[in-house]
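Notes follow once the structure below has been shown.
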Amino acid sequence: MDDITSSQNVASEKPAEHRQAYGTAKTENLRDNGLWRIILPAFVLVCCLILLAFPLIILTPLFFKSLEANAAANIAHTPLTWIWITMVIIEVGIIAIVIRGLIKIFMTPAGNYQN
């Protein structure tokens, strides 16, 4: 019994630490108007479309130019059409993987918060 009371006395004799509260969650504005649920998926969708469009905008004219009979590569009998087709396939594949990742990262949670 003496051990219990002596340990309580030691605990009560320790000087209290100085603590100061700088704020609580009650003081923060935690209300959500839900606008980010519309803006975030729209922004991700626009970014995905831009990501898909830029390489195709560059490669499409090159591909059509390589189909012309008077193109320099066709005159030299070294057609480059296969290069542009391969480049489009590779870039669309890589872009599809990136777009799939962006959609999984950003659009899935935004849809889950509606519940």
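Labels for the structure tokens follow display order: chains A, B, ..., residues from 1 in each chain, ligands from 1.
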
Quiz item: So which residues touch Lys65 of chain A within 12 Å, counting only C-alpha atoms, skipping near sequence neighbours fewer than 6 positions away, as a ChimeraX atom specification?
Solution: /A:58-59,71-74,79-81,84

Could you name the residues that touch Ile103 of chain A at 9 Å or less, counting only C-alpha atoms, but leaving out those on the same chain fewer than 3 positions away, as a short mmCIF file (atom, residue, chain, number, x, y, z; two decimals) with N, CA, C and O atoms, in the first residue's frame?
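Printed below is result17.cif as written:
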```cif
data_model
loop_
_atom_site.label_atom_id
_atom_site.label_comp_id
_atom_site.auth_asym_id
_atom_site.auth_seq_id
_atom_site.Cartn_x
_atom_site.Cartn_y
_atom_site.Cartn_z
N PRO A 41 -12.41 15.74 -61.74
CA PRO A 41 -12.55 14.82 -62.87
C PRO A 41 -12.53 15.53 -64.23
O PRO A 41 -11.98 15.01 -65.20
N VAL A 44 -8.87 16.32 -64.98
CA VAL A 44 -8.15 15.09 -65.35
C VAL A 44 -8.55 14.65 -66.75
O VAL A 44 -7.70 14.25 -67.55
N LEU A 45 -9.82 14.75 -67.08
CA LEU A 45 -10.28 14.37 -68.42
C LEU A 45 -9.67 15.28 -69.49
O LEU A 45 -9.20 14.79 -70.53
N CYS A 48 -6.04 14.35 -69.92
CA CYS A 48 -5.90 13.09 -70.65
C CYS A 48 -6.11 13.31 -72.15
O CYS A 48 -5.39 12.73 -72.97
N VAL A 98 -0.88 5.53 -69.14
CA VAL A 98 -0.84 6.73 -68.30
C VAL A 98 -2.25 7.23 -68.01
O VAL A 98 -2.57 7.57 -66.86
N ILE A 99 -3.10 7.26 -69.02
CA ILE A 99 -4.48 7.73 -68.83
C ILE A 99 -5.22 6.80 -67.87
O ILE A 99 -5.96 7.26 -67.00
N ARG A 100 -5.02 5.51 -68.02
CA ARG A 100 -5.67 4.55 -67.11
C ARG A 100 -5.23 4.80 -65.66
O ARG A 100 -6.05 4.78 -64.74
N PHE A 106 -7.36 9.60 -59.80
CA PHE A 106 -8.14 10.79 -59.51
C PHE A 106 -9.65 10.62 -59.60
O PHE A 106 -10.38 11.29 -58.88
N MET A 107 -10.13 9.79 -60.47
CA MET A 107 -11.58 9.72 -60.65
C MET A 107 -12.25 8.70 -59.76
O MET A 107 -13.41 8.86 -59.41
N THR A 108 -11.57 7.65 -59.37
CA THR A 108 -12.19 6.65 -58.51
C THR A 108 -12.53 7.21 -57.14
O THR A 108 -13.65 7.05 -56.67
#
```

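One distance worth recording is that between atom CA of Val92 of chain A and atom CA of Leu67 of chain A, which is 20.6 Å.
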
Practice problem: Figure out the distance between atom CA of Cys47 of chain A and atom CA of Ile94 of chain A, please, to one decimal in Å. | Solution: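 Taking atom CA of Ile94 of chain A and atom CA of Cys47 of chain A, their separation equals 15.0 Å.
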